[in-house]
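Coordinates from work-v7.txt are shown below (compact mmCIF, C-alpha atoms and all ligand atoms).
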```txt
# COMPACT_ATOMS: atom_id res chain seq x y z
CA MET A 359 108.42 102.02 93.04
CA ILE A 360 108.07 98.48 91.64
CA GLU A 361 109.24 97.64 88.15
CA ILE A 362 108.59 94.17 86.80
CA LYS A 363 110.58 93.36 83.68
CA GLU A 364 110.02 90.44 81.31
CA LEU A 365 109.14 87.93 84.02
CA TYR A 366 108.92 84.25 83.02
CA LYS A 367 107.80 81.36 85.21
CA SER A 368 106.90 77.76 84.39
CA PHE A 369 105.86 74.88 86.61
CA GLY A 370 107.00 71.74 84.82
CA LYS A 371 105.66 72.08 81.28
CA GLN A 372 103.08 74.69 82.22
CA GLN A 373 104.19 78.20 81.28
CA VAL A 374 102.36 80.56 83.64
CA LEU A 375 104.17 83.88 83.19
CA LYS A 376 105.45 84.54 79.67
CA GLY A 377 107.14 87.90 79.84
CA VAL A 378 105.20 90.01 82.32
CA SER A 379 106.23 93.66 82.42
CA LEU A 380 104.54 96.21 84.65
CA VAL A 381 105.42 99.42 86.47
CA ILE A 382 103.65 100.13 89.76
CA ASN A 383 103.86 103.82 90.60
CA GLU A 384 104.58 105.06 94.09
CA GLY A 385 101.54 106.15 96.09
CA GLU A 386 99.05 104.65 93.65
CA VAL A 387 96.67 101.72 93.77
CA THR A 388 97.23 99.42 90.82
CA ALA A 389 94.81 96.58 90.14
CA VAL A 390 95.72 93.42 88.24
CA ILE A 391 92.72 91.70 86.70
CA GLY A 392 92.48 88.50 84.71
CA ARG A 393 91.00 85.01 84.63
CA SER A 394 91.27 82.48 87.42
CA GLY A 395 94.31 80.30 87.00
CA GLY A 396 95.95 82.97 84.87
CA GLY A 397 98.95 83.48 87.16
CA LYS A 398 97.95 86.51 89.24
CA SER A 399 98.84 84.93 92.58
CA VAL A 400 102.05 83.55 91.07
CA LEU A 401 102.97 87.08 90.00
CA LEU A 402 102.26 88.45 93.49
CA LYS A 403 104.40 85.75 95.13
CA HIS A 404 107.33 86.82 92.96
CA ILE A 405 107.02 90.39 94.24
CA VAL A 406 107.47 89.23 97.84
CA GLY A 407 110.27 86.86 96.88
CA LEU A 408 108.29 83.70 97.71
CA LEU A 409 108.87 82.47 94.16
CA LYS A 410 111.91 82.96 91.94
CA PRO A 411 111.36 83.55 88.23
CA ASP A 412 112.96 81.47 85.49
CA ARG A 413 113.90 84.76 83.81
CA GLY A 414 113.31 88.47 84.29
CA SER A 415 113.64 90.93 87.13
CA ILE A 416 111.67 92.89 89.70
CA PHE A 417 113.12 96.18 90.86
CA ILE A 418 111.98 97.52 94.21
CA LYS A 419 113.69 100.70 95.36
CA GLY A 420 116.22 100.15 92.58
CA GLN A 421 117.21 96.65 93.70
CA ASP A 422 116.47 93.51 91.70
CA ILE A 423 114.82 91.39 94.40
CA THR A 424 114.87 88.26 92.25
CA LYS A 425 118.63 88.22 92.83
CA LEU A 426 118.43 88.75 96.60
CA LYS A 427 118.21 86.23 99.42
CA GLY A 428 118.68 86.02 103.18
CA ILE A 429 119.01 89.27 105.11
CA LYS A 430 119.03 91.47 101.99
CA LEU A 431 115.70 90.02 100.86
CA ASP A 432 114.28 90.32 104.40
CA GLU A 433 115.17 94.02 104.42
CA ILE A 434 113.09 94.66 101.30
CA ARG A 435 110.31 92.37 102.56
CA ALA A 436 110.05 94.41 105.75
CA ASP A 437 108.65 97.20 103.57
CA ILE A 438 105.99 94.97 102.02
CA GLY A 439 102.71 93.92 103.63
CA VAL A 440 100.65 91.15 102.11
CA VAL A 441 96.99 90.26 102.39
CA PHE A 442 96.86 86.72 101.05
CA GLN A 443 93.91 85.16 99.28
CA GLY A 444 91.54 83.95 102.02
CA GLY A 445 93.14 86.16 104.68
CA ALA A 446 95.39 83.43 106.14
CA LEU A 447 94.62 84.25 109.78
CA PHE A 448 95.84 81.97 112.55
CA ASP A 449 92.67 80.31 113.85
CA SER A 450 94.16 79.43 117.22
CA MET A 451 95.18 83.03 117.92
CA THR A 452 93.01 85.95 119.00
CA VAL A 453 92.46 88.93 116.72
CA TYR A 454 94.96 90.83 118.87
CA ASP A 455 97.69 88.21 118.47
CA ASN A 456 97.00 87.85 114.75
CA VAL A 457 97.45 91.58 114.20
CA ALA A 458 100.41 91.90 116.59
CA PHE A 459 102.19 88.95 114.97
CA PRO A 460 104.33 90.83 112.41
CA LEU A 461 105.48 93.30 115.07
CA ALA A 462 106.19 90.66 117.69
CA GLU A 463 108.18 88.67 115.09
CA LYS A 464 110.11 91.35 113.30
CA THR A 465 110.55 94.46 115.41
CA LYS A 466 112.01 95.45 118.74
CA LEU A 467 108.96 97.42 119.87
CA ASN A 468 108.02 96.85 123.50
CA LYS A 469 104.66 95.45 124.65
CA LYS A 470 103.12 98.85 125.27
CA GLU A 471 104.12 100.16 121.83
CA ILE A 472 102.78 97.01 120.20
CA TYR A 473 99.54 97.33 122.16
CA GLU A 474 99.05 100.93 121.02
CA ARG A 475 99.71 100.06 117.38
CA VAL A 476 97.34 97.10 117.42
CA ILE A 477 94.54 99.11 119.01
CA LYS A 478 95.08 101.91 116.47
CA ALA A 479 95.12 99.53 113.48
CA LEU A 480 91.98 97.73 114.68
CA SER A 481 90.24 101.03 115.14
CA ASP A 482 91.37 102.17 111.65
CA VAL A 483 89.67 99.12 110.12
CA GLY A 484 86.53 99.48 112.24
CA LEU A 485 87.19 96.60 114.62
CA GLN A 486 87.58 98.36 117.95
CA GLY A 487 86.69 96.10 120.87
CA MET A 488 87.27 92.89 118.89
CA GLU A 489 90.81 92.19 120.21
CA TYR A 490 89.97 89.07 122.16
CA LYS A 491 87.72 87.36 119.63
CA TYR A 492 88.95 84.40 117.61
CA PRO A 493 88.74 84.39 113.79
CA ALA A 494 86.03 81.69 113.88
CA GLU A 495 83.79 84.07 115.83
CA LEU A 496 83.94 86.75 113.13
CA SER A 497 82.00 87.23 109.90
CA GLY A 498 83.77 86.95 106.53
CA GLY A 499 83.95 90.73 106.18
CA MET A 500 85.42 91.14 109.66
CA ARG A 501 88.09 88.53 108.95
CA LYS A 502 89.13 90.51 105.86
CA ARG A 503 89.43 93.59 108.08
CA VAL A 504 91.67 91.72 110.50
CA ALA A 505 93.90 90.68 107.58
CA LEU A 506 94.10 94.32 106.49
CA ALA A 507 94.96 95.48 110.04
CA ARG A 508 97.73 92.88 110.16
CA ALA A 509 99.14 94.16 106.86
CA LEU A 510 99.01 97.77 108.07
CA ILE A 511 100.57 97.19 111.48
CA ALA A 512 104.21 97.45 110.45
CA HIS A 513 103.50 100.55 108.31
CA PRO A 514 104.86 98.99 105.11
CA LYS A 515 105.52 101.19 102.09
CA ILE A 516 103.90 98.62 99.81
CA ILE A 517 100.84 96.44 100.41
CA LEU A 518 99.89 93.60 98.08
CA PHE A 519 96.32 92.31 98.20
CA ASP A 520 95.43 88.96 96.67
CA GLU A 521 91.68 89.03 96.03
CA PRO A 522 90.92 90.74 99.33
CA THR A 523 87.15 90.57 98.89
CA THR A 524 86.58 87.04 97.58
CA GLY A 525 83.43 85.48 98.97
CA LEU A 526 81.84 88.73 100.15
CA ASP A 527 78.52 90.12 98.99
CA PRO A 528 78.59 93.27 96.79
CA ILE A 529 77.89 95.64 99.68
CA LEU A 530 80.76 94.23 101.73
CA VAL A 531 83.01 94.28 98.66
CA ARG A 532 82.43 98.04 98.38
CA SER A 533 83.00 98.58 102.10
CA ILE A 534 86.32 96.67 102.08
CA HIS A 535 87.37 98.54 98.93
CA LYS A 536 86.56 101.85 100.58
CA LEU A 537 88.54 100.79 103.63
CA ILE A 538 91.54 99.94 101.45
CA ARG A 539 91.30 103.37 99.82
CA ASP A 540 90.84 105.21 103.13
CA THR A 541 93.75 103.44 104.83
CA GLN A 542 95.88 103.94 101.73
CA LYS A 543 95.36 107.70 101.99
CA GLN A 544 95.99 107.67 105.73
CA TYR A 545 99.06 105.40 105.74
CA GLY A 546 100.34 106.39 102.29
CA PHE A 547 101.27 102.94 101.03
CA THR A 548 101.62 101.89 97.40
CA GLY A 549 98.99 99.24 96.69
CA LEU A 550 98.75 96.33 94.30
CA ILE A 551 95.39 94.58 94.29
CA ILE A 552 94.62 91.39 92.45
CA SER A 553 90.93 91.39 91.82
CA HIS A 554 87.99 89.71 90.20
CA GLU A 555 85.58 92.40 91.22
CA ILE A 556 84.45 93.95 87.99
CA PRO A 557 83.29 96.76 87.94
CA GLU A 558 83.81 97.56 91.66
CA ILE A 559 87.62 97.48 91.46
CA PHE A 560 87.58 100.37 88.97
CA GLU A 561 86.23 102.69 91.67
CA ILE A 562 89.35 102.46 93.85
CA SER A 563 92.18 101.95 91.34
CA ASP A 564 94.46 104.59 89.86
CA ARG A 565 95.56 102.13 87.21
CA VAL A 566 94.38 98.75 86.01
CA ALA A 567 96.48 96.08 84.28
CA MET A 568 95.06 93.01 82.59
CA LEU A 569 97.02 89.75 82.76
CA HIS A 570 96.14 87.37 79.95
CA ASN A 571 97.98 84.35 78.56
CA GLY A 572 100.99 85.07 80.73
CA LYS A 573 101.40 88.71 79.75
CA ILE A 574 100.10 92.13 80.68
CA VAL A 575 98.01 92.89 77.60
CA GLU A 576 96.75 96.33 78.62
CA VAL A 577 97.41 98.97 81.27
CA GLY A 578 95.49 102.18 81.81
CA THR A 579 93.29 104.25 84.05
CA PRO A 580 89.99 102.59 84.95
CA GLU A 581 88.30 104.83 82.35
CA GLU A 582 90.76 103.79 79.63
CA ILE A 583 90.37 100.10 80.48
CA GLN A 584 86.58 100.35 80.44
CA LYS A 585 86.72 101.99 77.00
CA SER A 586 89.41 99.65 75.66
CA ASP A 587 89.15 98.38 72.08
CA ASN A 588 91.14 95.29 73.00
CA ILE A 589 88.75 92.37 72.52
CA VAL A 590 90.34 90.37 75.33
CA VAL A 591 89.81 93.23 77.78
CA LYS A 592 86.29 93.93 76.52
CA ASN A 593 85.22 90.32 76.85
CA PHE A 594 86.70 90.00 80.30
CA ILE A 595 84.90 93.09 81.54
CA MET A 596 81.63 91.87 80.06
CA GLY A 597 82.17 88.42 81.56
CA ILE A 598 82.44 86.64 78.22
CA GLU A 599 84.70 83.61 78.09
CA ASN A 600 87.32 83.63 75.37
CA GLY A 601 89.82 81.06 74.24
CA GLY A 602 93.50 81.00 74.99
CA ASN A 603 93.17 79.74 78.54
CA ASN A 604 91.71 76.38 79.35
CA GLU A 605 91.76 76.74 83.11
CA GLU A 606 88.49 76.29 84.88
CA ARG A 607 87.29 79.06 87.11
CA THR A 608 88.39 78.00 90.55
CA SER A 609 87.66 80.98 92.73
N1 LIG A 701 103.64 76.24 93.35
C1 LIG A 701 103.04 75.82 92.23
N2 LIG A 701 103.39 74.66 91.64
C2 LIG A 701 102.80 74.27 90.49
N3 LIG A 701 101.85 74.95 89.84
C3 LIG A 701 101.46 76.11 90.37
C4 LIG A 701 102.03 76.61 91.59
N4 LIG A 701 101.44 77.81 91.88
C5 LIG A 701 100.55 78.03 90.88
N5 LIG A 701 100.55 77.02 89.98
C6 LIG A 701 99.73 76.97 88.77
O1 LIG A 701 99.90 78.19 88.08
C7 LIG A 701 98.66 78.60 87.48
C8 LIG A 701 98.34 80.01 87.91
O2 LIG A 701 97.94 79.99 89.28
P1 LIG A 701 97.54 81.29 90.08
O3 LIG A 701 98.61 82.29 90.01
O4 LIG A 701 97.16 80.82 91.45
O5 LIG A 701 96.25 81.82 89.30
P2 LIG A 701 95.29 83.04 89.66
O6 LIG A 701 95.36 83.99 88.50
O7 LIG A 701 93.91 82.45 89.78
O8 LIG A 701 95.76 83.62 90.95
C9 LIG A 701 97.63 77.55 87.89
O9 LIG A 701 97.47 76.65 86.83
C10 LIG A 701 98.25 76.89 89.09
O10 LIG A 701 97.81 75.57 89.20
MG MG A 702 94.94 83.72 92.78
```
Could you render the structure as structure tokens?
Ligand SMILES: Nc1ncnc2c1ncn2[C@@H]1O[C@H](COP(=O)(O)OP(=O)(O)O)[C@@H](O)[C@H]1O
Ligand SMILES: [Mg+2]
Amino acid sequence: MIEIKELYKSFGKQQVLKGVSLVINEGEVTAVIGRSGGGKSVLLKHIVGLLKPDRGSIFIKGQDITKLKGIKLDEIRADIGVVFQGGALFDSMTVYDNVAFPLAEKTKLNKKEIYERVIKALSDVGLQGMEYKYPAELSGGMRKRVALARALIAHPKIILFDEPTTGLDPILVRSIHKLIRDTQKQYGFTGLIISHEIPEIFEISDRVAMLHNGKIVEVGTPEEIQKSDNIVVKNFIMGIENGGNNEERTS
């Protein structure tokens, strides 16, 4: 479904991606793990075409999206939902308007159809009755649910999640993860989740890839990753710092 090939990206002198290759299979949930500042969000932004690589390609439905722009890129993007780090809700808009936004912007659905979809998506994420609240009136976990409803609303074939549970307590982390899994089964999207949540992320992933020093150093099922002999993977899972990346933990 998504094939990333030898992706390179630098900002000035800082090389962030140094040949990332990864295949994301259709209908699966793939998690990308790795240290803060390691380039996970940069990788995700390339998949939606928000950043262009210095080298390399990303094939989605057989098309190299790094070479596309304008309408052609918009067509591919219409199939991709994104839950950005922090949720990125519009504070001045109600929950309803936040969730309806992608449909109001990008489709020709009428008001009644939009209304029905929004109510369904909110109910699917457990937020029925919350339409006329503002983001500031919601708890952290509820805001994450709104962000998920907004990603689901256009029924995209692919949803990318950038640390969808950051800042939540472990119980809420599990409940958001379960919601991602449940909606993935119901809506049938292909999921890519960037995550710090070790070990919780293993429970909902079909495959896990570790990004380290600008490359994917290991890919496997959660079981394979947890049993990995790779010292970098082992240390990361056990929470041990190791050299090779001088970034401070920022989030
Ligand atoms: N638009 C940008 N311009 C310059 N540097 C950037 C930009 N986006 C990210 N970076 C840098 O790239 C590195 C990787 O960032 P990021 O992908 O956000 O890491 P993370 O793995 O925590 O998501 C960081 O050092 C960050 O400062
Ligand atoms: Mg990030």
Could you list, as a PyMOL selection string, all residues that come within 12 Å of ligand MG 702 (chain A)? Count only C-alpha atoms and all ligand atoms. chain A and resi 390-403+441-444+519-522+524+551-554+569+607-609
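Minimum atom-to-atom distance to Ile534 (chain A), evaluated using only C-alpha atoms, belongs to A:Val483 out of A:Ala389, A:Ala494, A:Met359, A:Val483.
Of the listed residues A:Asp527, A:Asp412, A:Glu384, A:Glu582, the one whose atoms come nearest to Gly370 (chain A) is A:Asp412, with distances taken using only C-alpha atoms.
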Box for ligand LIG 701 (chain A): with edges along x, y and z, all listed atoms inside and 5 Å added on each side, what are the centre and edge lengths in Å to one decimal, as JSON?
```
{"center_x": 98.8, "center_y": 79.1, "center_z": 90.1, "size_x": 19.7, "size_y": 19.7, "size_z": 16.5}
```
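Atom pair CA of Lys419 (chain A) / CA of Ile405 (chain A): separated by 12.3 Å.
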For the atom pair CA of Lys515 (chain A) and CA of Gly546 (chain A), what is the interatomic distance in Å to one decimal place? 7.3 Å
Pick from A:Ile360, A:Asn571, A:Ser563, A:Ala479: nearest to ligand LIG 701 (chain A), with all atoms listed in the file counted? A:Asn571
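Proximity to ligand LIG 701 (chain A) was assessed for A:Lys363, A:Arg475, A:His570, A:Lys430 counting all atoms listed in the file; the smallest distance is recorded for A:His570.
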Enter the distance from CA of Thr523 (chain A) to CA of Pro557 (chain A), in Å, rounded to one decimal. 13.2 Å
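Among the candidates A:Ala509, A:Ser415, A:Pro528, A:Glu463, the one nearest to Leu447 (chain A) when counting only C-alpha atoms is A:Ala509.
The closest residue to ligand LIG 701 (chain A), picked from A:Leu365, A:Arg413, A:Val374, A:Pro460 and counting only C-alpha atoms and all ligand atoms, is A:Val374.
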Around the point (93.6, 99.5, 117.3) (coordinates from the file), which residues reach within 10 Å if we count only C-alpha atoms? Answer as an mmCIF file with C-alpha atoms, keeping the file's coordinate frame.
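Once everything was written out, this is point_24.cif:
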```cif
data_model
loop_
_atom_site.group_PDB
_atom_site.id
_atom_site.type_symbol
_atom_site.label_atom_id
_atom_site.label_comp_id
_atom_site.auth_asym_id
_atom_site.auth_seq_id
_atom_site.Cartn_x
_atom_site.Cartn_y
_atom_site.Cartn_z
ATOM 1 C CA TYR A 454 94.960 90.830 118.870
ATOM 2 C CA VAL A 457 97.450 91.580 114.200
ATOM 3 C CA ILE A 472 102.780 97.010 120.200
ATOM 4 C CA TYR A 473 99.540 97.330 122.160
ATOM 5 C CA GLU A 474 99.050 100.930 121.020
ATOM 6 C CA ARG A 475 99.710 100.060 117.380
ATOM 7 C CA VAL A 476 97.340 97.100 117.420
ATOM 8 C CA ILE A 477 94.540 99.110 119.010
ATOM 9 C CA LYS A 478 95.080 101.910 116.470
ATOM 10 C CA ALA A 479 95.120 99.530 113.480
ATOM 11 C CA LEU A 480 91.980 97.730 114.680
ATOM 12 C CA SER A 481 90.240 101.030 115.140
ATOM 13 C CA ASP A 482 91.370 102.170 111.650
ATOM 14 C CA VAL A 483 89.670 99.120 110.120
ATOM 15 C CA GLY A 484 86.530 99.480 112.240
ATOM 16 C CA LEU A 485 87.190 96.600 114.620
ATOM 17 C CA GLN A 486 87.580 98.360 117.950
ATOM 18 C CA GLY A 487 86.690 96.100 120.870
ATOM 19 C CA MET A 488 87.270 92.890 118.890
ATOM 20 C CA GLU A 489 90.810 92.190 120.210
ATOM 21 C CA ALA A 507 94.960 95.480 110.040
ATOM 22 C CA ILE A 511 100.570 97.190 111.480
#
```
Could you please give me, as a ChimeraX atom specification, the residues of protein, DNA or RNA lying at most 10 Å from (90.6, 98.6, 83.8) in the coordinate frame of the file, considering only C-alpha atoms? /A:388-391,556-557,559-561,563-568,576-586,591-592,595
Using the selection just defined, write its residues with C-alpha atoms as a PDB file, in the frame of the given file.
```
ATOM      1  CA  THR A 388      97.230  99.420  90.820  1.00  0.00           C
ATOM      2  CA  ALA A 389      94.810  96.580  90.140  1.00  0.00           C
ATOM      3  CA  VAL A 390      95.720  93.420  88.240  1.00  0.00           C
ATOM      4  CA  ILE A 391      92.720  91.700  86.700  1.00  0.00           C
ATOM      5  CA  ILE A 556      84.450  93.950  87.990  1.00  0.00           C
ATOM      6  CA  PRO A 557      83.290  96.760  87.940  1.00  0.00           C
ATOM      7  CA  ILE A 559      87.620  97.480  91.460  1.00  0.00           C
ATOM      8  CA  PHE A 560      87.580 100.370  88.970  1.00  0.00           C
ATOM      9  CA  GLU A 561      86.230 102.690  91.670  1.00  0.00           C
ATOM     10  CA  SER A 563      92.180 101.950  91.340  1.00  0.00           C
ATOM     11  CA  ASP A 564      94.460 104.590  89.860  1.00  0.00           C
ATOM     12  CA  ARG A 565      95.560 102.130  87.210  1.00  0.00           C
ATOM     13  CA  VAL A 566      94.380  98.750  86.010  1.00  0.00           C
ATOM     14  CA  ALA A 567      96.480  96.080  84.280  1.00  0.00           C
ATOM     15  CA  MET A 568      95.060  93.010  82.590  1.00  0.00           C
ATOM     16  CA  GLU A 576      96.750  96.330  78.620  1.00  0.00           C
ATOM     17  CA  VAL A 577      97.410  98.970  81.270  1.00  0.00           C
ATOM     18  CA  GLY A 578      95.490 102.180  81.810  1.00  0.00           C
ATOM     19  CA  THR A 579      93.290 104.250  84.050  1.00  0.00           C
ATOM     20  CA  PRO A 580      89.990 102.590  84.950  1.00  0.00           C
ATOM     21  CA  GLU A 581      88.300 104.830  82.350  1.00  0.00           C
ATOM     22  CA  GLU A 582      90.760 103.790  79.630  1.00  0.00           C
ATOM     23  CA  ILE A 583      90.370 100.100  80.480  1.00  0.00           C
ATOM     24  CA  GLN A 584      86.580 100.350  80.440  1.00  0.00           C
ATOM     25  CA  LYS A 585      86.720 101.990  77.000  1.00  0.00           C
ATOM     26  CA  SER A 586      89.410  99.650  75.660  1.00  0.00           C
ATOM     27  CA  VAL A 591      89.810  93.230  77.780  1.00  0.00           C
ATOM     28  CA  LYS A 592      86.290  93.930  76.520  1.00  0.00           C
ATOM     29  CA  ILE A 595      84.900  93.090  81.540  1.00  0.00           C
TER      30      ILE A 595
END
```
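Within the 9 Å cut-off around His513 (chain A), using all atoms listed in the file and omitting residues fewer than 6 positions from it on the same chain, the listed residues are A:Asp437, A:Ile438, A:Gly439, A:Tyr545, A:Gly546, A:Phe547.
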Take region 440-450 of chain A, model all heavy atoms, and hand the result over as a PDB file, in the frame of the given file.
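New file out-v4.pdb:
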```
ATOM      1  N   VAL A 440     101.418  91.983 103.041  1.00  0.00           N
ATOM      2  CA  VAL A 440     100.650  91.150 102.110  1.00  0.00           C
ATOM      3  C   VAL A 440      99.340  90.721 102.752  1.00  0.00           C
ATOM      4  O   VAL A 440      99.320  90.304 103.898  1.00  0.00           O
ATOM      5  CB  VAL A 440     101.425  89.875 101.706  1.00  0.00           C
ATOM      6  CG1 VAL A 440     100.685  89.153 100.572  1.00  0.00           C
ATOM      7  CG2 VAL A 440     102.844  90.191 101.279  1.00  0.00           C
ATOM      8  N   VAL A 441      98.262  90.848 101.999  1.00  0.00           N
ATOM      9  CA  VAL A 441      96.990  90.260 102.390  1.00  0.00           C
ATOM     10  C   VAL A 441      96.749  89.103 101.441  1.00  0.00           C
ATOM     11  O   VAL A 441      96.438  89.315 100.266  1.00  0.00           O
ATOM     12  CB  VAL A 441      95.843  91.293 102.313  1.00  0.00           C
ATOM     13  CG1 VAL A 441      94.506  90.654 102.658  1.00  0.00           C
ATOM     14  CG2 VAL A 441      96.113  92.475 103.245  1.00  0.00           C
ATOM     15  N   PHE A 442      96.971  87.886 101.941  1.00  0.00           N
ATOM     16  CA  PHE A 442      96.860  86.720 101.050  1.00  0.00           C
ATOM     17  C   PHE A 442      95.412  86.359 100.786  1.00  0.00           C
ATOM     18  O   PHE A 442      94.519  86.683 101.573  1.00  0.00           O
ATOM     19  CB  PHE A 442      97.593  85.519 101.659  1.00  0.00           C
ATOM     20  CG  PHE A 442      99.085  85.623 101.526  1.00  0.00           C
ATOM     21  CD1 PHE A 442      99.870  85.926 102.624  1.00  0.00           C
ATOM     22  CD2 PHE A 442      99.695  85.434 100.292  1.00  0.00           C
ATOM     23  CE1 PHE A 442     101.250  86.037 102.504  1.00  0.00           C
ATOM     24  CE2 PHE A 442     101.071  85.548 100.165  1.00  0.00           C
ATOM     25  CZ  PHE A 442     101.849  85.843 101.269  1.00  0.00           C
ATOM     26  N   GLN A 443      95.223  85.640  99.672  1.00  0.00           N
ATOM     27  CA  GLN A 443      93.910  85.160  99.280  1.00  0.00           C
ATOM     28  C   GLN A 443      93.341  84.353 100.464  1.00  0.00           C
ATOM     29  O   GLN A 443      94.022  83.494 101.011  1.00  0.00           O
ATOM     30  CB  GLN A 443      94.071  84.239  98.071  1.00  0.00           C
ATOM     31  CG  GLN A 443      92.923  84.265  97.121  1.00  0.00           C
ATOM     32  CD  GLN A 443      93.307  83.670  95.751  1.00  0.00           C
ATOM     33  OE1 GLN A 443      94.466  83.422  95.459  1.00  0.00           O
ATOM     34  NE2 GLN A 443      92.294  83.438  94.939  1.00  0.00           N
ATOM     35  N   GLY A 444      92.124  84.670 100.889  1.00  0.00           N
ATOM     36  CA  GLY A 444      91.540  83.950 102.020  1.00  0.00           C
ATOM     37  C   GLY A 444      91.915  84.512 103.380  1.00  0.00           C
ATOM     38  O   GLY A 444      91.409  84.065 104.388  1.00  0.00           O
ATOM     39  N   GLY A 445      92.819  85.491 103.419  1.00  0.00           N
ATOM     40  CA  GLY A 445      93.140  86.160 104.680  1.00  0.00           C
ATOM     41  C   GLY A 445      94.264  85.518 105.470  1.00  0.00           C
ATOM     42  O   GLY A 445      95.073  86.195 106.062  1.00  0.00           O
ATOM     43  N   ALA A 446      94.305  84.160 105.463  1.00  0.00           N
ATOM     44  CA  ALA A 446      95.390  83.430 106.140  1.00  0.00           C
ATOM     45  C   ALA A 446      95.591  83.866 107.586  1.00  0.00           C
ATOM     46  O   ALA A 446      96.700  84.117 108.027  1.00  0.00           O
ATOM     47  CB  ALA A 446      96.699  83.554 105.346  1.00  0.00           C
ATOM     48  N   LEU A 447      94.490  83.945 108.344  1.00  0.00           N
ATOM     49  CA  LEU A 447      94.620  84.250 109.780  1.00  0.00           C
ATOM     50  C   LEU A 447      94.956  82.958 110.529  1.00  0.00           C
ATOM     51  O   LEU A 447      94.671  81.870 110.064  1.00  0.00           O
ATOM     52  CB  LEU A 447      93.302  84.819 110.321  1.00  0.00           C
ATOM     53  CG  LEU A 447      92.810  86.102 109.674  1.00  0.00           C
ATOM     54  CD1 LEU A 447      91.486  86.525 110.290  1.00  0.00           C
ATOM     55  CD2 LEU A 447      93.843  87.219 109.810  1.00  0.00           C
ATOM     56  N   PHE A 448      95.566  83.130 111.696  1.00  0.00           N
ATOM     57  CA  PHE A 448      95.840  81.970 112.550  1.00  0.00           C
ATOM     58  C   PHE A 448      94.590  81.719 113.404  1.00  0.00           C
ATOM     59  O   PHE A 448      94.262  82.536 114.264  1.00  0.00           O
ATOM     60  CB  PHE A 448      97.048  82.233 113.442  1.00  0.00           C
ATOM     61  CG  PHE A 448      98.298  82.542 112.677  1.00  0.00           C
ATOM     62  CD1 PHE A 448      98.825  83.821 112.662  1.00  0.00           C
ATOM     63  CD2 PHE A 448      98.951  81.546 111.953  1.00  0.00           C
ATOM     64  CE1 PHE A 448      99.982  84.110 111.951  1.00  0.00           C
ATOM     65  CE2 PHE A 448     100.112  81.825 111.240  1.00  0.00           C
ATOM     66  CZ  PHE A 448     100.618  83.115 111.234  1.00  0.00           C
ATOM     67  N   ASP A 449      93.938  80.597 113.176  1.00  0.00           N
ATOM     68  CA  ASP A 449      92.670  80.310 113.850  1.00  0.00           C
ATOM     69  C   ASP A 449      92.806  80.138 115.350  1.00  0.00           C
ATOM     70  O   ASP A 449      91.871  80.385 116.098  1.00  0.00           O
ATOM     71  CB  ASP A 449      92.027  79.043 113.262  1.00  0.00           C
ATOM     72  CG  ASP A 449      91.511  79.297 111.862  1.00  0.00           C
ATOM     73  OD1 ASP A 449      91.186  80.468 111.545  1.00  0.00           O
ATOM     74  OD2 ASP A 449      91.444  78.337 111.074  1.00  0.00           O
ATOM     75  N   SER A 450      93.980  79.699 115.784  1.00  0.00           N
ATOM     76  CA  SER A 450      94.160  79.430 117.220  1.00  0.00           C
ATOM     77  C   SER A 450      94.587  80.680 117.984  1.00  0.00           C
ATOM     78  O   SER A 450      94.783  80.632 119.188  1.00  0.00           O
ATOM     79  CB  SER A 450      95.223  78.341 117.400  1.00  0.00           C
ATOM     80  OG  SER A 450      96.457  78.816 116.899  1.00  0.00           O
TER      81      SER A 450
END
```
